[in-house]
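S.K.: Hey, dropping data.pdb in here, PDB, C-alpha atoms:
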```
ATOM      1  CA  ALA A   1       0.000   0.000   0.000
ATOM      2  CA  ALA A   2       3.017   2.276   0.427
ATOM      3  CA  CYS A   3       6.759   2.156  -0.106
ATOM      4  CA  TYR A   4       9.842   4.301   0.247
ATOM      5  CA  ASP A   5       9.568   5.261  -3.440
ATOM      6  CA  CYS A   6       6.144   6.873  -3.003
ATOM      7  CA  LEU A   7       4.882   7.760   0.491
ATOM      8  CA  MET A   8       7.169   6.407   3.157
ATOM      9  CA  THR A   9      10.134   8.361   4.514
ATOM     10  CA  TYR A  10      12.319   8.153   7.554
ATOM     11  CA  SER A  11      10.602  11.221   9.022
ATOM     12  CA  ASN A  12       7.103   9.681   8.853
ATOM     13  CA  GLN A  13       7.988   6.227  10.281
ATOM     14  CA  ARG A  14       5.402   6.590  13.038
ATOM     15  CA  ASP A  15       2.696   6.867  10.378
ATOM     16  CA  HIS A  16       3.796   3.989   8.120
ATOM     17  CA  ALA A  17       0.977   1.712   9.302
ATOM     18  CA  LEU A  18      -1.563   4.385   8.274
ATOM     19  CA  LEU A  19      -0.154   5.077   4.818
ATOM     20  CA  ASP A  20      -2.127   3.560   1.952
ATOM     21  CA  ARG A  21      -2.150   5.166  -1.487
ATOM     22  CA  HIS A  22      -5.418   3.398  -2.305
ATOM     23  CA  ASP A  23      -7.259   5.316   0.446
ATOM     24  CA  VAL A  24      -6.870   8.584  -1.429
ATOM     25  CA  ARG A  25      -7.684   7.331  -4.913
ATOM     26  CA  TRP A  26     -11.129   8.992  -4.824
ATOM     27  CA  LEU A  27      -9.501  12.322  -3.976
ATOM     28  CA  LEU A  28      -6.921  12.049  -6.745
ATOM     29  CA  GLU A  29      -9.633  11.136  -9.263
ATOM     30  CA  ALA A  30     -11.759  14.095  -8.174
ATOM     31  CA  MET A  31      -8.785  16.412  -8.623
ATOM     32  CA  ARG A  32      -8.027  14.909 -12.038
ATOM     33  CA  ASP A  33     -11.608  15.387 -13.230
ATOM     34  CA  GLY A  34     -12.127  18.801 -11.638
ATOM     35  CA  GLU A  35     -12.455  22.106 -13.445
ATOM     36  CA  VAL A  36     -10.535  25.231 -12.581
ATOM     37  CA  GLY A  37     -12.319  28.556 -12.941
ATOM     38  CA  LEU A  38      -9.883  31.455 -12.809
ATOM     39  CA  SER A  39     -10.961  34.756 -11.322
ATOM     40  CA  PRO A  40      -9.139  38.086 -11.536
ATOM     41  CA  THR A  41      -9.840  38.757  -7.848
ATOM     42  CA  SER A  42      -9.783  36.861  -4.576
ATOM     43  CA  ARG A  43     -13.470  35.999  -5.088
ATOM     44  CA  THR A  44     -14.434  32.763  -6.761
ATOM     45  CA  ARG A  45     -15.128  33.033 -10.481
ATOM     46  CA  VAL A  46     -18.849  32.486  -9.855
ATOM     47  CA  ASP A  47     -18.999  35.248  -7.235
ATOM     48  CA  HIS A  48     -16.948  37.656  -9.348
ATOM     49  CA  LEU A  49     -19.184  37.055 -12.373
ATOM     50  CA  ALA A  50     -22.286  37.675 -10.250
ATOM     51  CA  MET A  51     -20.792  40.940  -8.990
ATOM     52  CA  LEU A  52     -19.995  42.067 -12.546
ATOM     53  CA  LYS A  53     -23.542  41.265 -13.651
ATOM     54  CA  ARG A  54     -25.003  43.318 -10.800
ATOM     55  CA  LEU A  55     -23.008  46.313 -12.040
ATOM     56  CA  CYS A  56     -24.148  46.008 -15.661
ATOM     57  CA  ASP A  57     -26.064  48.952 -17.121
ATOM     58  CA  SER A  58     -27.823  46.927 -19.812
ATOM     59  CA  GLN A  59     -28.940  43.473 -20.835
ATOM     60  CA  LEU A  60     -26.440  43.670 -23.698
ATOM     61  CA  GLU A  61     -23.600  43.968 -21.182
ATOM     62  CA  GLU A  62     -24.974  40.949 -19.315
ATOM     63  CA  ARG A  63     -25.122  39.050 -22.624
ATOM     64  CA  TRP A  64     -21.494  39.978 -23.219
ATOM     65  CA  LEU A  65     -20.518  38.551 -19.818
ATOM     66  CA  ASP A  66     -22.469  35.381 -20.640
ATOM     67  CA  PHE A  67     -20.525  35.183 -23.923
ATOM     68  CA  ILE A  68     -17.192  35.544 -22.099
ATOM     69  CA  GLU A  69     -18.217  32.908 -19.554
ATOM     70  CA  SER A  70     -19.551  30.463 -22.172
ATOM     71  CA  LYS A  71     -16.227  30.587 -24.030
ATOM     72  CA  GLY A  72     -14.176  30.167 -20.859
ATOM     73  CA  LEU A  73     -12.393  33.463 -21.482
ATOM     74  CA  ARG A  74     -10.873  35.677 -18.791
ATOM     75  CA  LEU A  75     -13.351  37.793 -16.876
ATOM     76  CA  PRO A  76     -12.810  41.534 -16.571
ATOM     77  CA  SER A  77     -11.422  42.896 -13.314
ATOM     78  CA  ALA A  78     -14.111  45.521 -12.879
ATOM     79  CA  ALA A  79     -17.273  47.000 -14.380
ATOM     80  CA  GLN A  80     -18.558  50.554 -14.860
ATOM     81  CA  VAL A  81     -15.203  52.167 -14.148
ATOM     82  CA  LEU A  82     -15.055  55.950 -14.348
ATOM     83  CA  ILE A  83     -11.824  57.211 -15.890
ATOM     84  CA  GLU A  84     -12.142  60.899 -15.099
ATOM     85  CA  LYS A  85      -9.047  62.106 -16.928
ATOM     86  CA  CYS A  86     -10.506  60.681 -20.159
ATOM     87  CA  GLY A  87     -14.066  61.817 -19.475
ATOM     88  CA  THR A  88     -15.633  58.389 -19.813
ATOM     89  CA  ARG A  89     -17.071  55.469 -17.917
ATOM     90  CA  VAL A  90     -16.029  52.173 -19.493
ATOM     91  CA  ASP A  91     -18.269  49.133 -19.382
ATOM     92  CA  PHE A  92     -15.521  46.763 -18.256
ATOM     93  CA  MET A  93     -11.826  46.921 -17.443
ATOM     94  CA  TYR A  94      -8.955  44.437 -17.477
ATOM     95  CA  ASP A  95      -6.549  46.034 -14.992
ATOM     96  CA  ASP A  96      -3.480  43.890 -15.704
ATOM     97  CA  GLU A  97      -3.679  44.481 -19.464
ATOM     98  CA  TYR A  98      -4.605  48.156 -19.162
ATOM     99  CA  ALA A  99      -7.522  47.350 -21.472
ATOM    100  CA  VAL A 100     -11.043  48.752 -21.445
ATOM    101  CA  ILE A 101     -14.173  47.289 -22.991
ATOM    102  CA  TYR A 102     -17.210  48.971 -24.462
ATOM    103  CA  VAL A 103     -20.268  46.913 -25.360
ATOM    104  CA  ASP A 104     -22.081  49.071 -27.888
ATOM    105  CA  GLY A 105     -25.777  48.706 -28.600
ATOM    106  CA  PRO A 106     -28.002  50.421 -31.214
ATOM    107  CA  PRO A 107     -27.698  53.935 -29.659
ATOM    108  CA  HIS A 108     -24.062  53.926 -30.823
ATOM    109  CA  ASP A 109     -25.253  53.795 -34.458
ATOM    110  CA  TYR A 110     -26.029  57.543 -34.450
ATOM    111  CA  PRO A 111     -23.329  59.876 -35.873
ATOM    112  CA  GLU A 112     -23.243  62.240 -32.892
ATOM    113  CA  ARG A 113     -22.731  59.301 -30.523
ATOM    114  CA  GLN A 114     -20.051  57.853 -32.781
ATOM    115  CA  ASN A 115     -18.179  61.192 -32.696
ATOM    116  CA  ARG A 116     -18.283  61.239 -28.889
ATOM    117  CA  ASP A 117     -17.171  57.588 -28.779
ATOM    118  CA  ARG A 118     -14.237  58.393 -31.072
ATOM    119  CA  GLU A 119     -13.138  61.307 -28.861
ATOM    120  CA  GLN A 120     -13.303  59.179 -25.709
ATOM    121  CA  GLU A 121     -11.441  56.363 -27.424
ATOM    122  CA  GLU A 122      -8.652  58.745 -28.483
ATOM    123  CA  ALA A 123      -8.368  60.086 -24.924
ATOM    124  CA  LEU A 124      -8.114  56.549 -23.550
ATOM    125  CA  GLU A 125      -5.500  55.519 -26.104
ATOM    126  CA  ASP A 126      -3.499  58.676 -25.360
ATOM    127  CA  ALA A 127      -3.561  57.619 -21.694
ATOM    128  CA  GLY A 128      -2.138  54.212 -22.654
ATOM    129  CA  TYR A 129      -5.282  52.072 -22.618
ATOM    130  CA  THR A 130      -6.164  49.463 -25.193
ATOM    131  CA  VAL A 131      -9.765  50.111 -26.219
ATOM    132  CA  ILE A 132     -11.836  47.144 -27.383
ATOM    133  CA  ARG A 133     -15.369  47.569 -28.683
ATOM    134  CA  PHE A 134     -17.934  44.811 -28.972
ATOM    135  CA  ASP A 135     -20.694  46.086 -31.219
ATOM    136  CA  VAL A 136     -24.114  44.459 -31.151
ATOM    137  CA  HIS A 137     -23.834  44.035 -34.936
ATOM    138  CA  GLU A 138     -20.452  42.251 -34.854
ATOM    139  CA  TYR A 139     -19.488  38.634 -34.463
ATOM    140  CA  TRP A 140     -18.041  38.744 -30.936
ATOM    141  CA  ASP A 141     -15.906  35.638 -31.427
ATOM    142  CA  ASP A 142     -13.805  37.527 -33.985
ATOM    143  CA  VAL A 143     -13.273  40.497 -31.672
ATOM    144  CA  ALA A 144     -12.228  38.235 -28.774
ATOM    145  CA  ALA A 145      -9.912  36.218 -31.016
ATOM    146  CA  ALA A 146      -8.228  39.416 -32.218
ATOM    147  CA  HIS A 147      -7.397  40.262 -28.576
ATOM    148  CA  ARG A 148      -6.203  36.949 -27.141
ATOM    149  CA  SER A 149      -3.637  38.769 -25.014
ATOM    150  CA  VAL A 150      -6.549  40.252 -23.054
ATOM    151  CA  PHE A 151      -9.167  37.472 -23.114
ATOM    152  CA  GLY A 152      -7.015  34.350 -23.303
ATOM    153  CA  GLU A 153      -7.790  31.246 -25.309
ATOM    154  CA  GLU A 154     -11.265  29.801 -25.610
ATOM    155  CA  SER A 155     -11.614  26.762 -23.361
ATOM    156  CA  ALA A 156     -15.272  25.828 -23.674
TER     157      ALA A 156
END
```
In structure tokens, what does this structure look like?

M.R.:
Amino acid sequence: AACYDCLMTYSNQRDHALLDRHDVRWLLEAMRDGEVGLSPTSRTRVDHLAMLKRLCDSQLEERWLDFIESKGLRLPSAAQVLIEKCGTRVDFMYDDEYAVIYVDGPPHDYPERQNRDREQEEALEDAGYTVIRFDVHEYWDDVAAAHRSVFGEESA
């Protein structure tokens, strides 16, 4: 059940009678078959996702989070972050990558809104941010794939 090549050592001689690698097989199998869900904070991935969803301003933003989760991509660090020096509130932020996300719905189709978006985007880029836009009319998989350094590889 145990030997000096696997579990037994001189320092655990008092426990040799208790050592049996077969007793922990269920635990090793559970670890082998388990799934790891990474979170950008100390919260669990599930709790962090729930917090992000509570902060969403629209159903489209919630759909975007569902998309990110369904693909097994990295979750943003924060939501609805005000960046005062750039005069904008971004939908989501990836702190480590210095990347900001906008999830644009139909109101962003109007020229005056597009001009304002362009000005805010320029201010963010001048401040060193990577600006990524997910438009309701786009295929989101392509946008995520173009920014693998931010979102990671699809795992689902």

S.K.: At what distance in Å, to one decimal, does CA of Ser149 in chain A lie from CA of Lys53 in chain A?

M.R.: 23.1 Å

S.K.: Which residue gives the smallest distance to Ala127 in chain A among A:Leu49, A:Ala145, A:Met93, A:Ile83, with only C-alpha atoms counted?

M.R.: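 Among the listed residues, A:Ile83 lies closest to Ala127 in chain A.
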
S.K.: Sort by chain and increasing residue number a table of all residues of range 31-75 of chain A within 10 Å of range 129-140 of chain A, each with its closest pair of atoms and their distance in Å to one decimal, counting all atoms listed in the file, and write it as CSV.

M.R.:
```
residue,atom,partner,partner_atom,distance
A:Leu60,CA,A:Val136,CA,7.8
A:Glu61,CA,A:Phe134,CA,9.7
A:Trp64,CA,A:Phe134,CA,8.3
A:Phe67,CA,A:Trp140,CA,8.2
A:Ile68,CA,A:Trp140,CA,9.4
```

S.K.: Leaving out Tyr4 in chain A and any residue of its chain fewer than 6 positions from it, which residues lie within 12 Å of it when counting all atoms listed in the file, given as number ranges by chain?

M.R.: A: 10-13, 16, 19

S.K.: With the PyMOL selection byres ((chain A and resi 92) around 9) as the selection, what would be picked from this file? Answer as a VMD selection string, please.

M.R.: chain A and resid 52 76 to 81 89 to 91 93 to 94 99 to 103

S.K.: Take the residues just selected and output them with C-alpha atoms as a compact mmCIF listing (two decimals), in the frame of the given file.

M.R.:
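And here's result18.txt as it stands now:
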```
# COMPACT_ATOMS: atom_id res chain seq x y z
CA LEU A 52 -20.00 42.07 -12.55
CA PRO A 76 -12.81 41.53 -16.57
CA SER A 77 -11.42 42.90 -13.31
CA ALA A 78 -14.11 45.52 -12.88
CA ALA A 79 -17.27 47.00 -14.38
CA GLN A 80 -18.56 50.55 -14.86
CA VAL A 81 -15.20 52.17 -14.15
CA ARG A 89 -17.07 55.47 -17.92
CA VAL A 90 -16.03 52.17 -19.49
CA ASP A 91 -18.27 49.13 -19.38
CA MET A 93 -11.83 46.92 -17.44
CA TYR A 94 -8.96 44.44 -17.48
CA ALA A 99 -7.52 47.35 -21.47
CA VAL A 100 -11.04 48.75 -21.44
CA ILE A 101 -14.17 47.29 -22.99
CA TYR A 102 -17.21 48.97 -24.46
CA VAL A 103 -20.27 46.91 -25.36
```

S.K.: Tell me, as a PyMOL selection string, which residues lie within 12 Å of range 41-48 of chain A, counting only C-alpha atoms; anything in the same chain fewer than 2 positions away does not count.

M.R.: chain A and resi 35-39+50-55+65-66+69+72-79+94-96

S.K.: Got a sec to resolve the PyMOL selection byres ((chain A and resi 117-122) around 7) on this structure and send the residues as a list in words?

M.R.: Cys86, Gly87, Thr88, Arg113, Gln114, Asn115, Arg116, Ala123, Leu124, Glu125, Asp126 and Val131 of chain A

S.K.: Check which residues satisfy the PyMOL selection byres ((chain A and resi 1) around 12) in the file shown, then give them as a tab-separated table (two decimals) with C-alpha atoms, in the frame of the given file.

M.R.:
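Final output, saved to part.tsv:
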```
chain	number	residue	atom	x	y	z
A	2	ALA	CA	3.02	2.28	0.43
A	3	CYS	CA	6.76	2.16	-0.11
A	4	TYR	CA	9.84	4.30	0.25
A	5	ASP	CA	9.57	5.26	-3.44
A	6	CYS	CA	6.14	6.87	-3.00
A	7	LEU	CA	4.88	7.76	0.49
A	8	MET	CA	7.17	6.41	3.16
A	16	HIS	CA	3.80	3.99	8.12
A	17	ALA	CA	0.98	1.71	9.30
A	18	LEU	CA	-1.56	4.38	8.27
A	19	LEU	CA	-0.15	5.08	4.82
A	20	ASP	CA	-2.13	3.56	1.95
A	21	ARG	CA	-2.15	5.17	-1.49
A	22	HIS	CA	-5.42	3.40	-2.31
A	23	ASP	CA	-7.26	5.32	0.45
A	24	VAL	CA	-6.87	8.58	-1.43
A	25	ARG	CA	-7.68	7.33	-4.91
```

S.K.: With all atoms listed in the file as the atoms that count, which of A:Glu29, A:Thr9, A:Glu97, A:Ser58 lies nearest to Phe151 in chain A?

M.R.: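 Closest to Phe151 in chain A, using all atoms listed in the file: A:Glu97.
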
S.K.: Please write range 30-155 of chain A of the preceding block to a file containing C-alpha atoms, as a compact mmCIF listing (two decimals), in the first residue's frame?

M.R.:
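Output file selection-v8.txt is given in full below:
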```
# COMPACT_ATOMS: atom_id res chain seq x y z
CA ALA A 30 -11.76 14.10 -8.17
CA MET A 31 -8.78 16.41 -8.62
CA ARG A 32 -8.03 14.91 -12.04
CA ASP A 33 -11.61 15.39 -13.23
CA GLY A 34 -12.13 18.80 -11.64
CA GLU A 35 -12.46 22.11 -13.44
CA VAL A 36 -10.54 25.23 -12.58
CA GLY A 37 -12.32 28.56 -12.94
CA LEU A 38 -9.88 31.45 -12.81
CA SER A 39 -10.96 34.76 -11.32
CA PRO A 40 -9.14 38.09 -11.54
CA THR A 41 -9.84 38.76 -7.85
CA SER A 42 -9.78 36.86 -4.58
CA ARG A 43 -13.47 36.00 -5.09
CA THR A 44 -14.43 32.76 -6.76
CA ARG A 45 -15.13 33.03 -10.48
CA VAL A 46 -18.85 32.49 -9.85
CA ASP A 47 -19.00 35.25 -7.23
CA HIS A 48 -16.95 37.66 -9.35
CA LEU A 49 -19.18 37.05 -12.37
CA ALA A 50 -22.29 37.68 -10.25
CA MET A 51 -20.79 40.94 -8.99
CA LEU A 52 -19.99 42.07 -12.55
CA LYS A 53 -23.54 41.26 -13.65
CA ARG A 54 -25.00 43.32 -10.80
CA LEU A 55 -23.01 46.31 -12.04
CA CYS A 56 -24.15 46.01 -15.66
CA ASP A 57 -26.06 48.95 -17.12
CA SER A 58 -27.82 46.93 -19.81
CA GLN A 59 -28.94 43.47 -20.84
CA LEU A 60 -26.44 43.67 -23.70
CA GLU A 61 -23.60 43.97 -21.18
CA GLU A 62 -24.97 40.95 -19.31
CA ARG A 63 -25.12 39.05 -22.62
CA TRP A 64 -21.49 39.98 -23.22
CA LEU A 65 -20.52 38.55 -19.82
CA ASP A 66 -22.47 35.38 -20.64
CA PHE A 67 -20.52 35.18 -23.92
CA ILE A 68 -17.19 35.54 -22.10
CA GLU A 69 -18.22 32.91 -19.55
CA SER A 70 -19.55 30.46 -22.17
CA LYS A 71 -16.23 30.59 -24.03
CA GLY A 72 -14.18 30.17 -20.86
CA LEU A 73 -12.39 33.46 -21.48
CA ARG A 74 -10.87 35.68 -18.79
CA LEU A 75 -13.35 37.79 -16.88
CA PRO A 76 -12.81 41.53 -16.57
CA SER A 77 -11.42 42.90 -13.31
CA ALA A 78 -14.11 45.52 -12.88
CA ALA A 79 -17.27 47.00 -14.38
CA GLN A 80 -18.56 50.55 -14.86
CA VAL A 81 -15.20 52.17 -14.15
CA LEU A 82 -15.06 55.95 -14.35
CA ILE A 83 -11.82 57.21 -15.89
CA GLU A 84 -12.14 60.90 -15.10
CA LYS A 85 -9.05 62.11 -16.93
CA CYS A 86 -10.51 60.68 -20.16
CA GLY A 87 -14.07 61.82 -19.48
CA THR A 88 -15.63 58.39 -19.81
CA ARG A 89 -17.07 55.47 -17.92
CA VAL A 90 -16.03 52.17 -19.49
CA ASP A 91 -18.27 49.13 -19.38
CA PHE A 92 -15.52 46.76 -18.26
CA MET A 93 -11.83 46.92 -17.44
CA TYR A 94 -8.96 44.44 -17.48
CA ASP A 95 -6.55 46.03 -14.99
CA ASP A 96 -3.48 43.89 -15.70
CA GLU A 97 -3.68 44.48 -19.46
CA TYR A 98 -4.60 48.16 -19.16
CA ALA A 99 -7.52 47.35 -21.47
CA VAL A 100 -11.04 48.75 -21.44
CA ILE A 101 -14.17 47.29 -22.99
CA TYR A 102 -17.21 48.97 -24.46
CA VAL A 103 -20.27 46.91 -25.36
CA ASP A 104 -22.08 49.07 -27.89
CA GLY A 105 -25.78 48.71 -28.60
CA PRO A 106 -28.00 50.42 -31.21
CA PRO A 107 -27.70 53.93 -29.66
CA HIS A 108 -24.06 53.93 -30.82
CA ASP A 109 -25.25 53.79 -34.46
CA TYR A 110 -26.03 57.54 -34.45
CA PRO A 111 -23.33 59.88 -35.87
CA GLU A 112 -23.24 62.24 -32.89
CA ARG A 113 -22.73 59.30 -30.52
CA GLN A 114 -20.05 57.85 -32.78
CA ASN A 115 -18.18 61.19 -32.70
CA ARG A 116 -18.28 61.24 -28.89
CA ASP A 117 -17.17 57.59 -28.78
CA ARG A 118 -14.24 58.39 -31.07
CA GLU A 119 -13.14 61.31 -28.86
CA GLN A 120 -13.30 59.18 -25.71
CA GLU A 121 -11.44 56.36 -27.42
CA GLU A 122 -8.65 58.75 -28.48
CA ALA A 123 -8.37 60.09 -24.92
CA LEU A 124 -8.11 56.55 -23.55
CA GLU A 125 -5.50 55.52 -26.10
CA ASP A 126 -3.50 58.68 -25.36
CA ALA A 127 -3.56 57.62 -21.69
CA GLY A 128 -2.14 54.21 -22.65
CA TYR A 129 -5.28 52.07 -22.62
CA THR A 130 -6.16 49.46 -25.19
CA VAL A 131 -9.77 50.11 -26.22
CA ILE A 132 -11.84 47.14 -27.38
CA ARG A 133 -15.37 47.57 -28.68
CA PHE A 134 -17.93 44.81 -28.97
CA ASP A 135 -20.69 46.09 -31.22
CA VAL A 136 -24.11 44.46 -31.15
CA HIS A 137 -23.83 44.03 -34.94
CA GLU A 138 -20.45 42.25 -34.85
CA TYR A 139 -19.49 38.63 -34.46
CA TRP A 140 -18.04 38.74 -30.94
CA ASP A 141 -15.91 35.64 -31.43
CA ASP A 142 -13.81 37.53 -33.98
CA VAL A 143 -13.27 40.50 -31.67
CA ALA A 144 -12.23 38.24 -28.77
CA ALA A 145 -9.91 36.22 -31.02
CA ALA A 146 -8.23 39.42 -32.22
CA HIS A 147 -7.40 40.26 -28.58
CA ARG A 148 -6.20 36.95 -27.14
CA SER A 149 -3.64 38.77 -25.01
CA VAL A 150 -6.55 40.25 -23.05
CA PHE A 151 -9.17 37.47 -23.11
CA GLY A 152 -7.01 34.35 -23.30
CA GLU A 153 -7.79 31.25 -25.31
CA GLU A 154 -11.26 29.80 -25.61
CA SER A 155 -11.61 26.76 -23.36
```
